[in-house]
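Engineer: Here it is: the structure, laid out below.
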Amino acid sequence: MRRPATEALPVVPFARPDIGEAEIAAVVHALREGWVTTGPAAAEFEDAFSAFMGNGVEAVAVSSATAGLHLALEACGIGPGDEVIVPTWTFTATAEVVRYLGATPVLVDVEPRTLNIDRAAFAAAMTPRTRAVIVVHFAGLAADTAGIAALAREHGLKVIEDAAHALPSSRDGELVGAAGQADATVFSFYATKAVTTGEGGMLTTRDPGIAARVRIMRLHGIDRDAFDRYRRSSAWSYDVIAPGFKNNLPDPAAAMGRVQLARAHAMRDQRERIAGRYLDGWADLPLELPSRAALGDLHSWHLFTIRLRADSGIGRDAFIDALAQRGIGSSVHFIPLHRLTYWRRSLHFAPDAFPVADEVFPRIVSVPVFSAMADSEVERVTRAVREVLEA
Ligand SMILES: *Cc1c(COP(=O)(O)O)cnc(C)c1O
């Protein structure tokens, strides 16, 4: 069926950053200050992030979540010969950082409802070489870090949270990143994420040893950073205590992040309203819709994923094409790691090792949910999904 009006309408993108005049002014201010690498704005952003989390959490700004995960594992002492358990339902960054350190990611399946790491699969994957587990809070619905951590502690394992989707998310009344069950939690400020600095990330921890190690390793293994040296009389002097990395967050990005962080709850509220409209608007359609967080807890709604059912009358790829024809962007989160060439070739697993991921992958789609969405855009997505399924 031809739909003449649709052609003229602008596309509803899958994601669009929510950048206002305050973010622009903050970046301009940082540029006028003349300190364009990591400096006072990064320190202020860290302080604001740690206040946002509360609970005595330390925050360390980094250049990306990938860098933060790498630094977290490094600070936990992960190295060659070690195994780190990672859910297959994630972005490749979660596993690649394990490789950076010469260790081996061991992929495990996820829970059918949440697509977060499955506790039984985690328990079954432990070997005498296992040193850590990475918990991913898929789509922004907080995983059971407490349950995973309890089991991990019994076996002396470290627990790292990939909270790229979880700002802000909470479980049992505690914000992800503040609960202190994990050794470290890492957030992403990538362009499509709920709080963005273009590129950037933040690591939170209540372990002063991890915070100190990450601060040193994010900048060449130097014992104090450039701004710290600049403020002191012996500016030229420094020591190197390890072969570190170059993973610091520049001030213009940090200045933007501080404004975004102050809006994080308001932007989440906006996404929750959009999610509520989808959940209500599509309740009668042949779809599986995502779960809300438990009463009193926060779902960040970084992603809104729908699963087509056998009676949906359309396959996932055709569904994505039909949305695109109606000017609606969509995506798939995730292609499970075990289905990607590098991981398939370099890791050993049984063909039937991931029944949940393999069952869900062919029928899952992420539709637009971002705080800068206009009402008319939400309405168009709501209608387009109904039209495609009722066609
Ligand atoms: C986006 C994302 C990352 C990587 O974040 P960067 O800041 O781009 O490094 C890691 N894990 C998950 C689950 C993500 O969605």
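Order determines the names: the first chain of the structure tokens is A, the second B, and so forth; residues in each chain are numbered 1 upward, and ligands are numbered 1 upward as they are shown.
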In range 75-217 of chain A, what's strand (DSSP E) per DSSP? Answer as a PyMOL selection string?

Structural biologist: chain A and resi 83-87+104-108+130-136+158-162+170-171+174-175+184-188+201-205

Engineer: Those residues you just picked out, can you put them in a file as an mmCIF file, in the first residue's frame with N, CA and C atoms?

Structural biologist:
data_model
loop_
_atom_site.group_PDB
_atom_site.id
_atom_site.type_symbol
_atom_site.label_atom_id
_atom_site.label_comp_id
_atom_site.auth_asym_id
_atom_site.auth_seq_id
_atom_site.Cartn_x
_atom_site.Cartn_y
_atom_site.Cartn_z
ATOM 1 N N GLU A 83 39.922 -15.872 33.530
ATOM 2 C CA GLU A 83 38.637 -15.887 32.820
ATOM 3 C C GLU A 83 37.699 -14.874 33.470
ATOM 4 N N VAL A 84 36.948 -14.180 32.624
ATOM 5 C CA VAL A 84 35.961 -13.205 33.093
ATOM 6 C C VAL A 84 34.617 -13.560 32.456
ATOM 7 N N ILE A 85 33.607 -13.745 33.287
ATOM 8 C CA ILE A 85 32.294 -14.144 32.788
ATOM 9 C C ILE A 85 31.520 -12.908 32.322
ATOM 10 N N VAL A 86 30.982 -13.006 31.101
ATOM 11 C CA VAL A 86 30.321 -11.880 30.430
ATOM 12 C C VAL A 86 29.028 -12.402 29.793
ATOM 13 N N PRO A 87 27.912 -11.692 29.931
ATOM 14 C CA PRO A 87 26.709 -12.151 29.230
ATOM 15 C C PRO A 87 26.887 -12.005 27.714
ATOM 16 N N THR A 104 40.457 -14.145 29.135
ATOM 17 C CA THR A 104 39.479 -14.760 28.239
ATOM 18 C C THR A 104 38.063 -14.491 28.725
ATOM 19 N N PRO A 105 37.221 -13.900 27.867
ATOM 20 C CA PRO A 105 35.818 -13.772 28.255
ATOM 21 C C PRO A 105 35.119 -15.122 28.120
ATOM 22 N N VAL A 106 34.293 -15.452 29.094
ATOM 23 C CA VAL A 106 33.493 -16.674 29.029
ATOM 24 C C VAL A 106 32.043 -16.218 28.938
ATOM 25 N N LEU A 107 31.427 -16.485 27.776
ATOM 26 C CA LEU A 107 30.074 -15.979 27.533
ATOM 27 C C LEU A 107 29.040 -16.857 28.206
ATOM 28 N N VAL A 108 27.998 -16.214 28.760
ATOM 29 C CA VAL A 108 26.894 -16.965 29.364
ATOM 30 C C VAL A 108 25.564 -16.398 28.876
ATOM 31 N N THR A 130 38.350 -18.567 36.842
ATOM 32 C CA THR A 130 37.458 -17.400 36.833
ATOM 33 C C THR A 130 37.900 -16.399 37.894
ATOM 34 N N ARG A 131 38.034 -15.132 37.478
ATOM 35 C CA ARG A 131 38.464 -14.076 38.408
ATOM 36 C C ARG A 131 37.431 -12.979 38.589
ATOM 37 N N ALA A 132 36.522 -12.838 37.609
ATOM 38 C CA ALA A 132 35.570 -11.726 37.679
ATOM 39 C C ALA A 132 34.347 -12.020 36.832
ATOM 40 N N VAL A 133 33.310 -11.228 37.077
ATOM 41 C CA VAL A 133 32.089 -11.287 36.267
ATOM 42 C C VAL A 133 31.689 -9.853 35.947
ATOM 43 N N ILE A 134 31.197 -9.637 34.728
ATOM 44 C CA ILE A 134 30.686 -8.310 34.347
ATOM 45 C C ILE A 134 29.170 -8.416 34.206
ATOM 46 N N VAL A 135 28.471 -7.601 34.981
ATOM 47 C CA VAL A 135 27.005 -7.557 34.945
ATOM 48 C C VAL A 135 26.598 -6.396 34.037
ATOM 49 N N VAL A 136 25.723 -6.655 33.071
ATOM 50 C CA VAL A 136 25.220 -5.601 32.172
ATOM 51 C C VAL A 136 23.759 -5.332 32.524
ATOM 52 N N LYS A 158 35.764 -10.853 41.473
ATOM 53 C CA LYS A 158 35.439 -9.436 41.404
ATOM 54 C C LYS A 158 34.162 -9.258 40.581
ATOM 55 N N VAL A 159 33.447 -8.190 40.879
ATOM 56 C CA VAL A 159 32.200 -7.892 40.164
ATOM 57 C C VAL A 159 32.284 -6.488 39.574
ATOM 58 N N ILE A 160 32.139 -6.412 38.255
ATOM 59 C CA ILE A 160 32.141 -5.125 37.557
ATOM 60 C C ILE A 160 30.767 -4.958 36.909
ATOM 61 N N GLU A 161 30.223 -3.747 36.993
ATOM 62 C CA GLU A 161 28.950 -3.477 36.326
ATOM 63 C C GLU A 161 29.187 -2.642 35.066
ATOM 64 N N ASP A 162 28.651 -3.113 33.939
ATOM 65 C CA ASP A 162 28.572 -2.307 32.723
ATOM 66 C C ASP A 162 27.222 -1.615 32.786
ATOM 67 N N SER A 170 17.540 2.122 39.195
ATOM 68 C CA SER A 170 17.708 1.695 40.583
ATOM 69 C C SER A 170 17.072 0.329 40.787
ATOM 70 N N ARG A 171 17.521 -0.332 41.830
ATOM 71 C CA ARG A 171 16.957 -1.621 42.212
ATOM 72 C C ARG A 171 16.969 -1.683 43.735
ATOM 73 N N GLU A 174 18.144 1.446 45.461
ATOM 74 C CA GLU A 174 19.503 1.984 45.349
ATOM 75 C C GLU A 174 19.885 2.190 43.897
ATOM 76 N N LEU A 175 20.478 3.353 43.610
ATOM 77 C CA LEU A 175 20.902 3.655 42.251
ATOM 78 C C LEU A 175 21.995 2.690 41.811
ATOM 79 N N ALA A 184 33.268 -2.081 40.931
ATOM 80 C CA ALA A 184 33.240 -0.835 40.157
ATOM 81 C C ALA A 184 32.073 -0.888 39.181
ATOM 82 N N THR A 185 31.557 0.297 38.873
ATOM 83 C CA THR A 185 30.433 0.440 37.942
ATOM 84 C C THR A 185 30.844 1.453 36.894
ATOM 85 N N VAL A 186 30.504 1.181 35.626
ATOM 86 C CA VAL A 186 30.976 2.054 34.545
ATOM 87 C C VAL A 186 29.803 2.536 33.689
ATOM 88 N N PHE A 187 29.743 3.851 33.506
ATOM 89 C CA PHE A 187 28.688 4.490 32.716
ATOM 90 C C PHE A 187 29.275 4.994 31.395
ATOM 91 N N SER A 188 28.411 5.102 30.376
ATOM 92 C CA SER A 188 28.832 5.606 29.061
ATOM 93 C C SER A 188 28.142 6.926 28.757
ATOM 94 N N GLY A 201 32.916 8.697 29.659
ATOM 95 C CA GLY A 201 32.435 7.684 30.579
ATOM 96 C C GLY A 201 32.777 8.055 32.008
ATOM 97 N N MET A 202 32.200 7.326 32.953
ATOM 98 C CA MET A 202 32.479 7.568 34.376
ATOM 99 C C MET A 202 32.519 6.225 35.073
ATOM 100 N N LEU A 203 33.501 6.081 35.951
ATOM 101 C CA LEU A 203 33.606 4.883 36.778
ATOM 102 C C LEU A 203 33.280 5.281 38.206
ATOM 103 N N THR A 204 32.419 4.512 38.863
ATOM 104 C CA THR A 204 32.160 4.755 40.282
ATOM 105 C C THR A 204 32.592 3.537 41.081
ATOM 106 N N THR A 205 33.051 3.805 42.296
ATOM 107 C CA THR A 205 33.485 2.719 43.176
ATOM 108 C C THR A 205 33.492 3.222 44.612
#

Engineer: At a cut-off of 6 Å and counting only C-alpha atoms and all ligand atoms, what residues surround ligand 1? Please answer as a ChimeraX atom specification.

Structural biologist: /A:64-66,90-91,93-94,162,164-165,188-190,200-201

Engineer: I need the chosen residues saved as a PDB file, in the first residue's frame, with N, CA, C and O atoms.

Structural biologist:
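File written: out.pdb
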ATOM      1  N   SER A  64      35.668   6.921  27.802  1.00  0.00           N
ATOM      2  CA  SER A  64      34.548   6.112  27.291  1.00  0.00           C
ATOM      3  C   SER A  64      34.232   5.043  28.323  1.00  0.00           C
ATOM      4  O   SER A  64      35.040   4.782  29.229  1.00  0.00           O
ATOM      5  N   ALA A  65      33.081   4.408  28.153  1.00  0.00           N
ATOM      6  CA  ALA A  65      32.778   3.270  29.022  1.00  0.00           C
ATOM      7  C   ALA A  65      33.735   2.120  28.741  1.00  0.00           C
ATOM      8  O   ALA A  65      34.136   1.398  29.650  1.00  0.00           O
ATOM      9  N   THR A  66      34.103   1.971  27.478  1.00  0.00           N
ATOM     10  CA  THR A  66      35.052   0.914  27.125  1.00  0.00           C
ATOM     11  C   THR A  66      36.343   1.091  27.925  1.00  0.00           C
ATOM     12  O   THR A  66      36.851   0.138  28.530  1.00  0.00           O
ATOM     13  N   THR A  90      25.168  -8.405  24.955  1.00  0.00           N
ATOM     14  CA  THR A  90      25.777  -7.106  25.243  1.00  0.00           C
ATOM     15  C   THR A  90      26.491  -6.598  24.005  1.00  0.00           C
ATOM     16  O   THR A  90      26.522  -7.273  22.966  1.00  0.00           O
ATOM     17  N   PHE A  91      27.072  -5.408  24.131  1.00  0.00           N
ATOM     18  CA  PHE A  91      27.892  -4.845  23.073  1.00  0.00           C
ATOM     19  C   PHE A  91      29.296  -5.447  23.185  1.00  0.00           C
ATOM     20  O   PHE A  91      29.755  -5.785  24.275  1.00  0.00           O
ATOM     21  N   ALA A  93      32.132  -4.285  23.318  1.00  0.00           N
ATOM     22  CA  ALA A  93      33.061  -3.606  24.230  1.00  0.00           C
ATOM     23  C   ALA A  93      33.171  -4.336  25.571  1.00  0.00           C
ATOM     24  O   ALA A  93      34.255  -4.407  26.159  1.00  0.00           O
ATOM     25  N   THR A  94      32.048  -4.880  26.064  1.00  0.00           N
ATOM     26  CA  THR A  94      32.040  -5.544  27.366  1.00  0.00           C
ATOM     27  C   THR A  94      33.024  -6.706  27.399  1.00  0.00           C
ATOM     28  O   THR A  94      33.632  -6.992  28.435  1.00  0.00           O
ATOM     29  N   ASP A 162      28.651  -3.113  33.939  1.00  0.00           N
ATOM     30  CA  ASP A 162      28.572  -2.307  32.723  1.00  0.00           C
ATOM     31  C   ASP A 162      27.222  -1.615  32.786  1.00  0.00           C
ATOM     32  O   ASP A 162      26.179  -2.202  32.488  1.00  0.00           O
ATOM     33  N   ALA A 164      26.322   1.077  31.093  1.00  0.00           N
ATOM     34  CA  ALA A 164      26.216   1.982  29.935  1.00  0.00           C
ATOM     35  C   ALA A 164      24.766   2.400  29.672  1.00  0.00           C
ATOM     36  O   ALA A 164      24.521   3.468  29.137  1.00  0.00           O
ATOM     37  N   HIS A 165      23.801   1.540  30.070  1.00  0.00           N
ATOM     38  CA  HIS A 165      22.383   1.838  29.817  1.00  0.00           C
ATOM     39  C   HIS A 165      21.675   2.371  31.060  1.00  0.00           C
ATOM     40  O   HIS A 165      20.473   2.630  30.987  1.00  0.00           O
ATOM     41  N   SER A 188      28.411   5.102  30.376  1.00  0.00           N
ATOM     42  CA  SER A 188      28.832   5.606  29.061  1.00  0.00           C
ATOM     43  C   SER A 188      28.142   6.926  28.757  1.00  0.00           C
ATOM     44  O   SER A 188      26.934   7.073  28.993  1.00  0.00           O
ATOM     45  N   PHE A 189      28.903   7.865  28.185  1.00  0.00           N
ATOM     46  CA  PHE A 189      28.324   9.129  27.711  1.00  0.00           C
ATOM     47  C   PHE A 189      28.449   9.219  26.198  1.00  0.00           C
ATOM     48  O   PHE A 189      28.586  10.305  25.625  1.00  0.00           O
ATOM     49  N   TYR A 190      28.433   8.077  25.542  1.00  0.00           N
ATOM     50  CA  TYR A 190      28.459   8.016  24.079  1.00  0.00           C
ATOM     51  C   TYR A 190      27.230   8.756  23.515  1.00  0.00           C
ATOM     52  O   TYR A 190      26.223   8.928  24.206  1.00  0.00           O
ATOM     53  N   GLY A 200      32.611   9.690  26.160  1.00  0.00           N
ATOM     54  CA  GLY A 200      33.012   9.850  27.560  1.00  0.00           C
ATOM     55  C   GLY A 200      32.458   8.738  28.420  1.00  0.00           C
ATOM     56  O   GLY A 200      31.657   7.925  27.956  1.00  0.00           O
ATOM     57  N   GLY A 201      32.916   8.697  29.659  1.00  0.00           N
ATOM     58  CA  GLY A 201      32.435   7.684  30.579  1.00  0.00           C
ATOM     59  C   GLY A 201      32.777   8.055  32.008  1.00  0.00           C
ATOM     60  O   GLY A 201      33.536   9.014  32.247  1.00  0.00           O
TER      61      GLY A 201
END

Engineer: List as a ChimeraX atom specification the protein and nucleic acid residues near range 382-385 of chain A, meaning an atom at most 12 Å away when only C-alpha atoms are counted, but skip any in the same chain fewer than 5 places from it.

Structural biologist: /A:3,6,12,274-287,306-308,312,314,319-330,365-369,375-377,390-391

Engineer: List as number ranges by chain the protein and nucleic acid residues near range 41-52 of chain A, meaning an atom at most 10 Å away when only C-alpha atoms are counted, but skip any in the same chain fewer than 6 places from it.

Structural biologist: A: 26-27, 30, 33, 35, 58-62, 168, 175, 177-178, 202-205, 227, 248-259, 261-262, 264

Engineer: Would you list, as JSON, numbers by chain, the residues of range 97-264 of chain A that end up in alpha helix (DSSP H) under DSSP run on this structure's backbone?

Structural biologist: {"A": [97, 98, 99, 100, 119, 120, 121, 122, 123, 124, 125, 145, 146, 147, 148, 149, 150, 151, 152, 153, 154, 208, 209, 210, 211, 212, 213, 214, 215, 216, 217, 226, 227, 228, 229, 230, 231, 251, 252, 253, 254, 255, 256, 257, 258, 259, 260, 261, 262, 264]}

Engineer: What lies within 8 Å of range 290-295 of chain A using only C-alpha atoms, ignoring chain neighbours under 6 positions off, as a ChimeraX atom specification?

Structural biologist: /A:113-114,141-142,171,304-306

Engineer: Write the selection just made, keeping N, CA, C and O atoms, as a tab-separated table (two decimals), in the first residue's frame?

Structural biologist:
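For reference, result_24.tsv as written:
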chain	number	residue	atom	x	y	z
A	113	ARG	N	13.20	-12.83	30.53
A	113	ARG	CA	12.38	-11.62	30.68
A	113	ARG	C	13.20	-10.35	30.57
A	113	ARG	O	12.83	-9.41	29.88
A	114	THR	N	14.34	-10.29	31.25
A	114	THR	CA	15.12	-9.05	31.34
A	114	THR	C	16.29	-8.99	30.36
A	114	THR	O	16.80	-7.91	30.10
A	141	LEU	N	17.09	-1.66	32.72
A	141	LEU	CA	16.38	-2.37	33.80
A	141	LEU	C	17.46	-3.07	34.64
A	141	LEU	O	18.14	-3.98	34.16
A	142	ALA	N	17.62	-2.62	35.88
A	142	ALA	CA	18.75	-3.06	36.69
A	142	ALA	C	18.77	-4.57	36.89
A	142	ALA	O	17.75	-5.18	37.24
A	171	ARG	N	17.52	-0.33	41.83
A	171	ARG	CA	16.96	-1.62	42.21
A	171	ARG	C	16.97	-1.68	43.73
A	171	ARG	O	17.96	-1.31	44.36
A	304	PHE	N	13.87	0.81	24.41
A	304	PHE	CA	12.55	0.18	24.48
A	304	PHE	C	12.56	-0.91	23.42
A	304	PHE	O	12.59	-0.64	22.23
A	305	THR	N	12.60	-2.16	23.87
A	305	THR	CA	12.68	-3.28	22.94
A	305	THR	C	11.34	-4.00	22.87
A	305	THR	O	10.69	-4.20	23.90
A	306	ILE	N	10.94	-4.37	21.67
A	306	ILE	CA	9.74	-5.18	21.53
A	306	ILE	C	10.12	-6.49	20.87
A	306	ILE	O	11.09	-6.56	20.09

Engineer: I want to know what sits within 7 Å of Leu115 in chain A, based on only C-alpha atoms, with residues of the same chain fewer than 4 positions away left out; could you give that as a ChimeraX atom specification?

Structural biologist: /A:89,110-111,138

Engineer: With N, CA, C and O atoms retained, could you export that selection as a PDB file, in the first residue's frame?

Structural biologist:
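So the final result, stored in result33.pdb, reads:
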ATOM      1  N   TRP A  89      24.572 -11.301  25.761  1.00  0.00           N
ATOM      2  CA  TRP A  89      23.631 -10.257  25.330  1.00  0.00           C
ATOM      3  C   TRP A  89      24.193  -8.889  25.728  1.00  0.00           C
ATOM      4  O   TRP A  89      23.766  -8.272  26.711  1.00  0.00           O
ATOM      5  N   VAL A 110      21.373 -15.374  29.149  1.00  0.00           N
ATOM      6  CA  VAL A 110      20.667 -14.348  29.931  1.00  0.00           C
ATOM      7  C   VAL A 110      19.271 -14.833  30.325  1.00  0.00           C
ATOM      8  O   VAL A 110      18.790 -15.853  29.814  1.00  0.00           O
ATOM      9  N   GLU A 111      18.633 -14.093  31.229  1.00  0.00           N
ATOM     10  CA  GLU A 111      17.259 -14.411  31.643  1.00  0.00           C
ATOM     11  C   GLU A 111      16.294 -14.018  30.525  1.00  0.00           C
ATOM     12  O   GLU A 111      16.447 -12.951  29.941  1.00  0.00           O
ATOM     13  N   PHE A 138      20.808  -4.447  31.035  1.00  0.00           N
ATOM     14  CA  PHE A 138      20.319  -4.282  29.676  1.00  0.00           C
ATOM     15  C   PHE A 138      19.116  -3.340  29.592  1.00  0.00           C
ATOM     16  O   PHE A 138      18.149  -3.494  30.340  1.00  0.00           O
TER      17      PHE A 138
END

Engineer: When distances are computed from only C-alpha atoms, which of A:Arg206, A:His29, A:Arg99, A:His265 shows the smallest separation from Ala166 in chain A?

Structural biologist: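 Counting only C-alpha atoms, the residue closest to Ala166 in chain A is A:His265.
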
Engineer: Which of these, A:Thr88, A:Asn55, A:Ser346, A:Gln260, has the shortest distance to Glu21 in chain A once you count only C-alpha atoms?

Structural biologist: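 Selected residue with least distance to Glu21 in chain A: A:Gln260.
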
Engineer: How many Å lie between CA of Ile216 in chain A and CA of Ala182 in chain A, rounded to one decimal?

Structural biologist: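 Here the two named atoms are 20.6 Å from each other.
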
Engineer: So that I can check the surroundings of Phe349 in chain A, please list as an NGL selection string every protein, DNA and RNA residue that reaches within 9 Å of it, counting only C-alpha atoms and ignoring chain neighbours fewer than 2 positions away.

Structural biologist: :A and (106-107 or 338 or 344 or 347 or 351-353)

Engineer: With N, CA, C and O atoms retained, write the just-selected residues as a PDB file, in the first residue's frame.

Structural biologist:
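Final output, out_22.pdb:
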ATOM      1  N   VAL A 106      34.293 -15.452  29.094  1.00  0.00           N
ATOM      2  CA  VAL A 106      33.493 -16.674  29.029  1.00  0.00           C
ATOM      3  C   VAL A 106      32.043 -16.218  28.938  1.00  0.00           C
ATOM      4  O   VAL A 106      31.517 -15.602  29.866  1.00  0.00           O
ATOM      5  N   LEU A 107      31.427 -16.485  27.776  1.00  0.00           N
ATOM      6  CA  LEU A 107      30.074 -15.979  27.533  1.00  0.00           C
ATOM      7  C   LEU A 107      29.040 -16.857  28.206  1.00  0.00           C
ATOM      8  O   LEU A 107      29.171 -18.087  28.222  1.00  0.00           O
ATOM      9  N   HIS A 338      28.099 -14.295  20.765  1.00  0.00           N
ATOM     10  CA  HIS A 338      28.482 -15.616  20.232  1.00  0.00           C
ATOM     11  C   HIS A 338      28.105 -15.768  18.757  1.00  0.00           C
ATOM     12  O   HIS A 338      28.518 -16.727  18.125  1.00  0.00           O
ATOM     13  N   ARG A 344      32.949 -15.920  17.772  1.00  0.00           N
ATOM     14  CA  ARG A 344      32.604 -17.296  17.404  1.00  0.00           C
ATOM     15  C   ARG A 344      33.865 -18.105  17.117  1.00  0.00           C
ATOM     16  O   ARG A 344      33.986 -19.257  17.493  1.00  0.00           O
ATOM     17  N   LEU A 347      36.358 -18.149  20.700  1.00  0.00           N
ATOM     18  CA  LEU A 347      35.924 -18.744  21.973  1.00  0.00           C
ATOM     19  C   LEU A 347      35.346 -20.134  21.714  1.00  0.00           C
ATOM     20  O   LEU A 347      34.898 -20.423  20.613  1.00  0.00           O
ATOM     21  N   PRO A 351      27.116 -25.402  20.534  1.00  0.00           N
ATOM     22  CA  PRO A 351      26.171 -24.694  19.653  1.00  0.00           C
ATOM     23  C   PRO A 351      24.854 -24.329  20.347  1.00  0.00           C
ATOM     24  O   PRO A 351      24.208 -23.368  19.971  1.00  0.00           O
ATOM     25  N   ASP A 352      24.503 -25.095  21.394  1.00  0.00           N
ATOM     26  CA  ASP A 352      23.225 -24.829  22.076  1.00  0.00           C
ATOM     27  C   ASP A 352      23.442 -24.175  23.444  1.00  0.00           C
ATOM     28  O   ASP A 352      22.624 -24.297  24.338  1.00  0.00           O
ATOM     29  N   ALA A 353      24.562 -23.448  23.575  1.00  0.00           N
ATOM     30  CA  ALA A 353      24.926 -22.897  24.886  1.00  0.00           C
ATOM     31  C   ALA A 353      24.087 -21.665  25.283  1.00  0.00           C
ATOM     32  O   ALA A 353      24.075 -21.284  26.450  1.00  0.00           O
TER      33      ALA A 353
END

Engineer: Find the residue from A:Ala350, A:Ala139, A:Ile335, A:Ala374 that sits nearest to Leu298 in chain A; use only C-alpha atoms when measuring.

Structural biologist: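 Smallest separation from Leu298 in chain A among the options: A:Ala139.
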
Engineer: In terms of the shortest atom-to-atom distance over only C-alpha atoms, which of A:Leu289, A:Ala124, A:Leu389, A:Ala235 is closest to Gly313 in chain A?

Structural biologist: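 Closest to Gly313 in chain A, using only C-alpha atoms: A:Leu389.
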
Engineer: Between CA of Gly81 in chain A and CA of Gly147 in chain A, what is the distance, to one decimal in Å?

Structural biologist: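 Interatomic distance here is 26.1 Å.
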
Engineer: Which of these residues is nearest to Val388 in chain A, using only C-alpha atoms: A:Ile24, A:Arg263, A:Ala318, A:Ile19?

Structural biologist: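 Smallest distance to Val388 in chain A is found for A:Ala318.
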
Engineer: Which residue gives the smallest distance to Asp82 in chain A among A:Ala103, A:Gly296, A:Phe361, A:Val381, with only C-alpha atoms counted?

Structural biologist: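 Of A:Ala103, A:Gly296, A:Phe361, A:Val381, the one nearest Asp82 in chain A, counting only C-alpha atoms, is A:Ala103.
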